[in-house]
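Just below is one structure, and these are the notes that go with it.
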Amino acid sequence: MQLSKDQRLWIYDQMITSRYLEEDLIQIYLEGKQPVFDWAAGPLPGEMHLSYGQEAVGPGLAICLDNTKDWVHAGHRPHHVAIAHGVHFNEMVAELLGKKTGLCKGKGGHMHLYDARVKFAASSIIGEQMPAAVGMAMQCKMEKTGGIAVSVTGDGGANQGSFHEALNFAAIQKLPYVAVIEDNNWAISMSKAESTAVARNSDRGSAYGIPGEYVKGNDPEKIMVACQKAVDRARNGGGPSIVEIETYRFMGHFFPDPGAYIPQEEKDSWTDCTVEYRKHLLEQGVVKEAELDALEKTVKDKIATAVKFARESDFSPNSEIYTQVFTDA
Amino acid sequence: MSNSRTLTLGRAVREAVHHEFKVNPKVFMMGQDIFKMGGVFGTAEGLGELYGPERVIDTPISETAIVGAAAGAAMAGMRPIVDFAYVDFIAVCFNAIVNYAAKTHYMSGGQYKMPMVLLLSTGGGYSNGAQHSQSLHGTLAHFPGAKVVCPTNAYDAKGMMHTALRGDDFVIFMSSIATVGMMMLGTPIKGTLSNVPEEPYEIPFGVARIYREGTDITLVGTGVNIHQCMEVAEILEKEGVSCEVIDPRTLVPLDREAIFKSVKKTGRLVVADEDYHSYGVTGEIITSVVEIDPTVLKSAPKRVACADVPIPFARPMEEECLPSTKRILAAAREALK
Amino acid sequence: MVDVIVEQHAWEDDTADEAVIGVWIYQNGARVKKGDVICEMMIVKTQMDIEATENGILEIVAQTDALVKKGDVICRITPE
């Protein structure tokens, strides 16, 4: 797939949108939580699982998809995936702050982000995304929409029973499904080597008679190539596949986990996909420095607007608590 | 002479399912042994031949994937029925039911609907042991986000299945095996048989059925136990006691008003439910009355439920554990003192 | 008038010679059509649907809970 300049700038845009947003989120998160740390305090309460370092996966996957017909189901670390798939940005940030203008009126929050307009869902029980995405793939097949469904799970989630069941079922039914595994090597404090009996989850595809590909380097364009193969296979009736993507989790499991359990040599080996891709674009002569500066400023403004919108919005009234338990009450 | 038809609860449910399959292409069924075998409790009988394996989907033994996929398909606009067989197996895929299917509509701020029916068979009384004899009404009714319905006769069952399949909510449809009329447990219980119209109809959720009006004591029952309550009512009638017998029909939403109104009239309450005694439906129903006005009661309310033990295999032991006409009668006599 | 006898329906289990009438779906005097399921019967552990063999008026012979053997008449249908 030959990428145009615009597409490459789009990729960079998605990555830095996630990155700059999270840099702001870190500041907002700490408001009210210092000097005494209290998860419940401040404008951004709860646990916060930052995508910081993993941004490449968002656009690498999303560029292969069409959000008018393709479903994406992410997990508890969803920001980069949501942004790239086209989730409404201001409403997403408002949802993080729990406001009534948020995607879910403040009922979901950071770990439960949904945007039905672009066929996006994210929920927090590890591995549950896989069967749900398989079900979305069933709808695509049954109603012949031409769409596919993708789940995004971590290396830790790959050891859930739902991984096995979802892939086995999708394989038997030959569903238009792609299982993306983000391998950041850590499930909280457990390294992949400690948790997983095989080196690569992509190799587990053979247990279901389906292909699996491992992508090294955290490079959005390499990710795109692998995802495109899996997406095409799914769309053309070839059934499911696994795409496992090496990436790096800079900010611990949840903020502010310092990741003390990660060996320093490993941390030293990490590359920053936003820095590397920027360098790559300049070296390849795709863009000029000034264009990148301008894009970066635009993105920063977009984030400032979204954050302002979120801060200035009200919470839903408490009467909202009792609505939408069911559709008729 | 009347052309009315007397159906078993199982056949009535199938009739509703067949109709909705016919008129709505988004309805499909998935579960174990449904396509070739029609389901272990006959819930899918005849569907496979008519609609093929694409709409009547035999699945591997993968409850987490089955329920999770049904939920995903429902979010995407389909109307799946999961034929789940034994309620005991909810423990295998508990997350998919209570955290995923039940909560997604709410967590998404209403963006995604969950028009899915989880069809469960409940109850013991035939020596199937602790892991295949439970009722678990309370467990499922406890989690917000699922409507929990448990019809006890054919007429209610058909109407409630139509309501379930036409609505946009996650409905857990629980059928007590002893009431289905499958003849694995002998011939059907007469009280479960009803005249059932051929054409479709809906029964709203949250409205109890008064099986029998009375003035001296209120007997509330679910599943097979409502029919035992009716036997108790017959016995007590001969002793000059008038029983009011109520079937809530749905646990979520629960018609607390009808039950309170009845107890206000009679002053005495016995609740019979085959789920475990503690932390369950019987306690919920009693509290629903007491928290409005405890002075309506002339005697202590009684609950007749499954003993708080894993259900034993041997028939005499199991019989003692589960509610029965005998136990309900004894409880009623206590409440009438 | 046509006798509907048990033998006309396949007995899956040859070791069983008795069945029990579980439910009459239609009542005495009902008008039934050929192919309507009119009765549920149980042979050993297998539930069997009995269909009307003709269009006509139903007369029940073997009542609910009755035990029937191969060759027994379970009902009669008077064609109209």
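So you can find residues: chains in the structure tokens are A, B, ... in the order shown, residues in each start at 1, and ligands are numbered from 1 in order.
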
- Task: Can you pull out every residue within 9 Å of B:Asn153, counting only C-alpha atoms, but drop anything in the same chain fewer than 2 positions away, and send it as a ChimeraX atom specification?
- Result: /B:8-9,12,151,155-158,179-180,191-194,223

- Message: Quick one: residues within 6 Å of stretch 271-274 of chain B, only C-alpha atoms, excluding same-chain residues fewer than 5 positions away - as a PyMOL selection string?
- Response: chain B and resi 219-222+282+303-306

Restricting the output to C-alpha atoms, write the selected residues as a PDB file, in the first residue's frame.
```
ATOM      1  CA  LEU B 219     -48.832 -17.589  48.684  1.00  0.00           C
ATOM      2  CA  VAL B 220     -46.238 -16.306  46.221  1.00  0.00           C
ATOM      3  CA  GLY B 221     -44.477 -18.840  44.028  1.00  0.00           C
ATOM      4  CA  THR B 222     -42.086 -19.068  41.090  1.00  0.00           C
ATOM      5  CA  THR B 282     -37.858 -15.170  48.916  1.00  0.00           C
ATOM      6  CA  ARG B 303     -39.872 -18.512  53.030  1.00  0.00           C
ATOM      7  CA  VAL B 304     -39.805 -21.963  51.474  1.00  0.00           C
ATOM      8  CA  ALA B 305     -36.713 -22.341  49.341  1.00  0.00           C
ATOM      9  CA  CYS B 306     -33.864 -24.667  48.570  1.00  0.00           C
TER      10      CYS B 306
END
```

- Message: Could you go through stretch 99-200 of chain B and tell me which residues DSSP, when run on the backbone, assigns to alpha helix (DSSP H), listing them as a PyMOL selection string?
- Response: chain B and resi 104-107+137-142+154-166+177-180

- Task: Select residues of chain A: the criterion is any atom within 9 Å of an atom of chain B, counting only C-alpha atoms; output as a PyMOL selection string.
- Result: chain A and resi 71+102-109+112-117+119+121+123+125+128-140+142-143+161-169+323-328

- Quick one: DSSP strand (DSSP E) residues in chain C, as an MDAnalysis selection string? chainID C and resid 2:5 18:24 31:32 37:43 46:51 56:60 67:69 73:78

- Item | Exercise answer, chain C residues close to chain B, 10 Å and only C-alpha atoms, as an NGL selection string | :C and (20-32 or 38-48 or 57 or 64-65)

Output for the residues just chosen: N, CA and C atoms as a PDB file, in the first residue's frame:
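Once written, result00.pdb looks like this:
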```pdb
ATOM      1  N   VAL C  20     -47.100 -43.301  26.739  1.00  0.00           N
ATOM      2  CA  VAL C  20     -48.086 -42.596  27.565  1.00  0.00           C
ATOM      3  C   VAL C  20     -48.540 -41.332  26.823  1.00  0.00           C
ATOM      4  N   ILE C  21     -49.816 -41.033  26.922  1.00  0.00           N
ATOM      5  CA  ILE C  21     -50.350 -39.814  26.315  1.00  0.00           C
ATOM      6  C   ILE C  21     -50.031 -38.661  27.265  1.00  0.00           C
ATOM      7  N   GLY C  22     -49.296 -37.679  26.777  1.00  0.00           N
ATOM      8  CA  GLY C  22     -48.894 -36.552  27.612  1.00  0.00           C
ATOM      9  C   GLY C  22     -49.898 -35.409  27.568  1.00  0.00           C
ATOM     10  N   VAL C  23     -50.164 -34.928  26.362  1.00  0.00           N
ATOM     11  CA  VAL C  23     -51.044 -33.762  26.212  1.00  0.00           C
ATOM     12  C   VAL C  23     -51.879 -33.928  24.951  1.00  0.00           C
ATOM     13  N   TRP C  24     -53.198 -33.692  25.054  1.00  0.00           N
ATOM     14  CA  TRP C  24     -54.004 -33.518  23.856  1.00  0.00           C
ATOM     15  C   TRP C  24     -54.021 -32.027  23.542  1.00  0.00           C
ATOM     16  N   ILE C  25     -53.491 -31.670  22.388  1.00  0.00           N
ATOM     17  CA  ILE C  25     -53.435 -30.255  22.032  1.00  0.00           C
ATOM     18  C   ILE C  25     -54.804 -29.764  21.602  1.00  0.00           C
ATOM     19  N   TYR C  26     -55.531 -30.590  20.886  1.00  0.00           N
ATOM     20  CA  TYR C  26     -56.903 -30.271  20.513  1.00  0.00           C
ATOM     21  C   TYR C  26     -57.851 -31.113  21.347  1.00  0.00           C
ATOM     22  N   GLN C  27     -59.048 -30.596  21.547  1.00  0.00           N
ATOM     23  CA  GLN C  27     -60.014 -31.287  22.396  1.00  0.00           C
ATOM     24  C   GLN C  27     -61.031 -32.044  21.554  1.00  0.00           C
ATOM     25  N   ASN C  28     -61.819 -32.868  22.220  1.00  0.00           N
ATOM     26  CA  ASN C  28     -62.908 -33.599  21.563  1.00  0.00           C
ATOM     27  C   ASN C  28     -63.771 -32.653  20.740  1.00  0.00           C
ATOM     28  N   GLY C  29     -64.030 -33.026  19.475  1.00  0.00           N
ATOM     29  CA  GLY C  29     -64.909 -32.207  18.650  1.00  0.00           C
ATOM     30  C   GLY C  29     -64.191 -31.115  17.891  1.00  0.00           C
ATOM     31  N   ALA C  30     -62.890 -30.969  18.121  1.00  0.00           N
ATOM     32  CA  ALA C  30     -62.152 -29.904  17.419  1.00  0.00           C
ATOM     33  C   ALA C  30     -61.992 -30.268  15.949  1.00  0.00           C
ATOM     34  N   ARG C  31     -61.932 -29.246  15.128  1.00  0.00           N
ATOM     35  CA  ARG C  31     -61.687 -29.436  13.698  1.00  0.00           C
ATOM     36  C   ARG C  31     -60.178 -29.405  13.487  1.00  0.00           C
ATOM     37  N   VAL C  32     -59.621 -30.464  12.973  1.00  0.00           N
ATOM     38  CA  VAL C  32     -58.175 -30.497  12.774  1.00  0.00           C
ATOM     39  C   VAL C  32     -57.854 -30.652  11.296  1.00  0.00           C
ATOM     40  N   ILE C  38     -51.511 -32.920  16.988  1.00  0.00           N
ATOM     41  CA  ILE C  38     -52.712 -32.953  17.835  1.00  0.00           C
ATOM     42  C   ILE C  38     -52.452 -33.510  19.224  1.00  0.00           C
ATOM     43  N   CYS C  39     -51.332 -34.208  19.376  1.00  0.00           N
ATOM     44  CA  CYS C  39     -51.095 -34.878  20.658  1.00  0.00           C
ATOM     45  C   CYS C  39     -49.589 -35.025  20.878  1.00  0.00           C
ATOM     46  N   GLU C  40     -49.187 -34.957  22.127  1.00  0.00           N
ATOM     47  CA  GLU C  40     -47.799 -35.274  22.476  1.00  0.00           C
ATOM     48  C   GLU C  40     -47.800 -36.577  23.262  1.00  0.00           C
ATOM     49  N   MET C  41     -46.976 -37.509  22.780  1.00  0.00           N
ATOM     50  CA  MET C  41     -46.948 -38.830  23.396  1.00  0.00           C
ATOM     51  C   MET C  41     -45.515 -39.125  23.769  1.00  0.00           C
ATOM     52  N   MET C  42     -45.330 -39.966  24.751  1.00  0.00           N
ATOM     53  CA  MET C  42     -43.956 -40.290  25.114  1.00  0.00           C
ATOM     54  C   MET C  42     -43.705 -41.783  25.081  1.00  0.00           C
ATOM     55  N   ILE C  43     -42.692 -42.160  24.300  1.00  0.00           N
ATOM     56  CA  ILE C  43     -42.280 -43.565  24.225  1.00  0.00           C
ATOM     57  C   ILE C  43     -40.902 -43.639  24.853  1.00  0.00           C
ATOM     58  N   VAL C  44     -40.786 -44.351  25.956  1.00  0.00           N
ATOM     59  CA  VAL C  44     -39.547 -44.389  26.756  1.00  0.00           C
ATOM     60  C   VAL C  44     -39.180 -42.932  27.040  1.00  0.00           C
ATOM     61  N   LYS C  45     -38.005 -42.478  26.583  1.00  0.00           N
ATOM     62  CA  LYS C  45     -37.651 -41.100  26.906  1.00  0.00           C
ATOM     63  C   LYS C  45     -37.826 -40.161  25.725  1.00  0.00           C
ATOM     64  N   THR C  46     -38.398 -40.668  24.669  1.00  0.00           N
ATOM     65  CA  THR C  46     -38.545 -39.839  23.480  1.00  0.00           C
ATOM     66  C   THR C  46     -39.942 -39.267  23.400  1.00  0.00           C
ATOM     67  N   GLN C  47     -39.983 -37.949  23.238  1.00  0.00           N
ATOM     68  CA  GLN C  47     -41.276 -37.314  23.063  1.00  0.00           C
ATOM     69  C   GLN C  47     -41.640 -37.354  21.594  1.00  0.00           C
ATOM     70  N   MET C  48     -42.882 -37.677  21.314  1.00  0.00           N
ATOM     71  CA  MET C  48     -43.280 -37.807  19.934  1.00  0.00           C
ATOM     72  C   MET C  48     -44.532 -36.979  19.675  1.00  0.00           C
ATOM     73  N   ILE C  57     -63.026 -33.988  12.144  1.00  0.00           N
ATOM     74  CA  ILE C  57     -63.392 -33.721  13.536  1.00  0.00           C
ATOM     75  C   ILE C  57     -62.744 -34.783  14.425  1.00  0.00           C
ATOM     76  N   THR C  64     -55.547 -38.313  28.281  1.00  0.00           N
ATOM     77  CA  THR C  64     -54.266 -37.878  28.854  1.00  0.00           C
ATOM     78  C   THR C  64     -53.876 -38.808  29.995  1.00  0.00           C
ATOM     79  N   ASP C  65     -52.628 -39.166  30.044  1.00  0.00           N
ATOM     80  CA  ASP C  65     -52.028 -40.066  31.044  1.00  0.00           C
ATOM     81  C   ASP C  65     -52.304 -41.536  30.753  1.00  0.00           C
TER      82      ASP C  65
END
```

- Item | Top pick for closest residue to C:Leu67, considering C:Val37, C:Ala19, C:Val2, C:Ile50 and counting only C-alpha atoms |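 Once distances to C:Leu67 are computed over only C-alpha atoms, the minimum belongs to C:Ala19.
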
- Message: What's around stretch 38-54 of chain A at 9 Å? Count only C-alpha atoms, leave out sequence neighbours fewer than 5 positions away in its own chain, and write the answer as a PyMOL selection string.
- Response: chain A and resi 15+18-19+22-23+25-26+28-33+76-81+96-98+109-111+182+184+218+246-256+270-274+311

Can you write just those residues out, N, CA and C atoms, as a short mmCIF file (atom, residue, chain, number, x, y, z; two decimals), in the first residue's frame?
```cif
data_model
loop_
_atom_site.label_atom_id
_atom_site.label_comp_id
_atom_site.auth_asym_id
_atom_site.auth_seq_id
_atom_site.Cartn_x
_atom_site.Cartn_y
_atom_site.Cartn_z
N MET A 15 -1.20 9.95 16.05
CA MET A 15 -0.27 9.60 17.13
C MET A 15 -0.06 10.77 18.07
N SER A 18 -3.06 11.62 20.36
CA SER A 18 -3.10 10.78 21.54
C SER A 18 -2.02 11.18 22.53
N ARG A 19 -0.82 11.39 22.02
CA ARG A 19 0.30 11.74 22.90
C ARG A 19 0.08 13.06 23.60
N GLU A 22 -2.64 12.93 26.19
CA GLU A 22 -2.25 12.25 27.43
C GLU A 22 -1.28 13.10 28.25
N GLU A 23 -0.48 13.89 27.60
CA GLU A 23 0.39 14.77 28.38
C GLU A 23 -0.45 15.76 29.19
N LEU A 25 -3.59 15.09 30.03
CA LEU A 25 -4.34 14.27 30.98
C LEU A 25 -3.54 14.01 32.25
N ILE A 26 -2.25 13.83 32.07
CA ILE A 26 -1.40 13.59 33.25
C ILE A 26 -1.50 14.77 34.20
N ILE A 28 -3.95 17.04 34.34
CA ILE A 28 -5.33 17.13 34.86
C ILE A 28 -5.55 16.06 35.93
N TYR A 29 -5.01 14.88 35.66
CA TYR A 29 -5.18 13.76 36.59
C TYR A 29 -4.62 14.08 37.96
N LEU A 30 -3.46 14.74 37.97
CA LEU A 30 -2.80 15.04 39.24
C LEU A 30 -3.49 16.15 40.02
N GLU A 31 -4.32 16.94 39.35
CA GLU A 31 -5.06 17.99 40.07
C GLU A 31 -5.90 17.35 41.16
N GLY A 32 -5.78 17.86 42.36
CA GLY A 32 -6.59 17.35 43.46
C GLY A 32 -6.04 16.07 44.08
N LYS A 33 -5.03 15.50 43.46
CA LYS A 33 -4.50 14.25 44.00
C LYS A 33 -3.14 14.45 44.67
N HIS A 76 -9.05 -1.65 28.21
CA HIS A 76 -8.91 -0.63 29.25
C HIS A 76 -7.85 0.40 28.94
N ARG A 77 -7.14 0.24 27.82
CA ARG A 77 -6.12 1.20 27.40
C ARG A 77 -6.48 1.68 26.00
N PRO A 78 -7.60 2.44 25.89
CA PRO A 78 -8.21 2.64 24.57
C PRO A 78 -7.90 3.94 23.82
N HIS A 79 -7.29 4.93 24.49
CA HIS A 79 -7.27 6.27 23.89
C HIS A 79 -6.76 6.31 22.46
N HIS A 80 -5.59 5.70 22.21
CA HIS A 80 -4.98 5.80 20.89
C HIS A 80 -5.82 5.10 19.82
N VAL A 81 -6.45 4.00 20.23
CA VAL A 81 -7.27 3.24 19.28
C VAL A 81 -8.54 4.03 18.96
N LEU A 96 -14.09 11.48 29.60
CA LEU A 96 -13.00 11.20 30.55
C LEU A 96 -13.21 12.00 31.84
N LEU A 97 -13.76 13.20 31.68
CA LEU A 97 -14.02 14.02 32.86
C LEU A 97 -15.41 13.75 33.43
N GLY A 98 -16.13 12.80 32.84
CA GLY A 98 -17.41 12.37 33.39
C GLY A 98 -18.58 13.29 33.14
N GLY A 109 -16.90 6.58 31.29
CA GLY A 109 -15.58 7.00 31.72
C GLY A 109 -14.46 6.38 30.89
N HIS A 110 -13.26 6.58 31.37
CA HIS A 110 -12.04 6.24 30.64
C HIS A 110 -11.98 4.78 30.19
N MET A 111 -12.45 3.87 31.03
CA MET A 111 -12.31 2.45 30.67
C MET A 111 -13.51 1.90 29.90
N GLU A 182 -1.77 -6.27 21.35
CA GLU A 182 -0.71 -5.29 21.61
C GLU A 182 0.23 -5.90 22.62
N ASN A 184 2.98 -5.20 24.78
CA ASN A 184 3.91 -4.25 25.40
C ASN A 184 4.77 -4.95 26.45
N ASN A 218 7.25 -1.27 16.52
CA ASN A 218 6.35 -0.17 16.90
C ASN A 218 6.29 0.93 15.84
N GLU A 246 4.42 -5.55 18.51
CA GLU A 246 5.36 -5.15 19.57
C GLU A 246 5.21 -3.65 19.80
N THR A 247 5.03 -3.25 21.05
CA THR A 247 4.92 -1.84 21.36
C THR A 247 5.43 -1.62 22.78
N TYR A 248 5.45 -0.37 23.23
CA TYR A 248 6.11 -0.07 24.52
C TYR A 248 5.20 0.79 25.39
N ARG A 249 5.06 0.36 26.61
CA ARG A 249 4.18 1.05 27.56
C ARG A 249 5.04 1.92 28.47
N PHE A 250 5.11 3.22 28.17
CA PHE A 250 6.05 4.11 28.88
C PHE A 250 5.64 4.43 30.31
N MET A 251 4.31 4.43 30.55
CA MET A 251 3.85 5.05 31.80
C MET A 251 3.33 4.05 32.82
N GLY A 252 3.84 2.82 32.77
CA GLY A 252 3.37 1.86 33.76
C GLY A 252 1.97 1.37 33.41
N HIS A 253 1.42 0.52 34.26
CA HIS A 253 0.10 -0.04 33.97
C HIS A 253 -0.96 1.04 34.06
N PHE A 254 -1.06 1.65 35.24
CA PHE A 254 -1.91 2.84 35.35
C PHE A 254 -1.04 3.97 35.88
N PHE A 255 -1.42 5.15 35.61
CA PHE A 255 -0.66 6.28 36.09
C PHE A 255 -0.95 6.46 37.58
N PRO A 256 -0.02 6.70 38.48
CA PRO A 256 1.41 6.87 38.23
C PRO A 256 2.27 5.67 38.65
N TRP A 270 13.52 0.96 24.52
CA TRP A 270 12.29 1.46 23.90
C TRP A 270 12.56 2.61 22.95
N THR A 271 11.79 2.67 21.86
CA THR A 271 11.84 3.83 20.97
C THR A 271 10.49 4.53 21.04
N ASP A 272 10.53 5.81 20.82
CA ASP A 272 9.31 6.61 20.89
C ASP A 272 8.74 6.75 19.47
N CYS A 273 7.60 6.14 19.22
CA CYS A 273 7.07 6.10 17.84
C CYS A 273 6.75 7.50 17.31
N THR A 274 6.40 8.43 18.20
CA THR A 274 6.09 9.77 17.69
C THR A 274 7.38 10.47 17.22
N ARG A 311 -13.97 20.67 30.56
CA ARG A 311 -13.96 21.32 31.88
C ARG A 311 -15.20 22.17 32.09
#
```
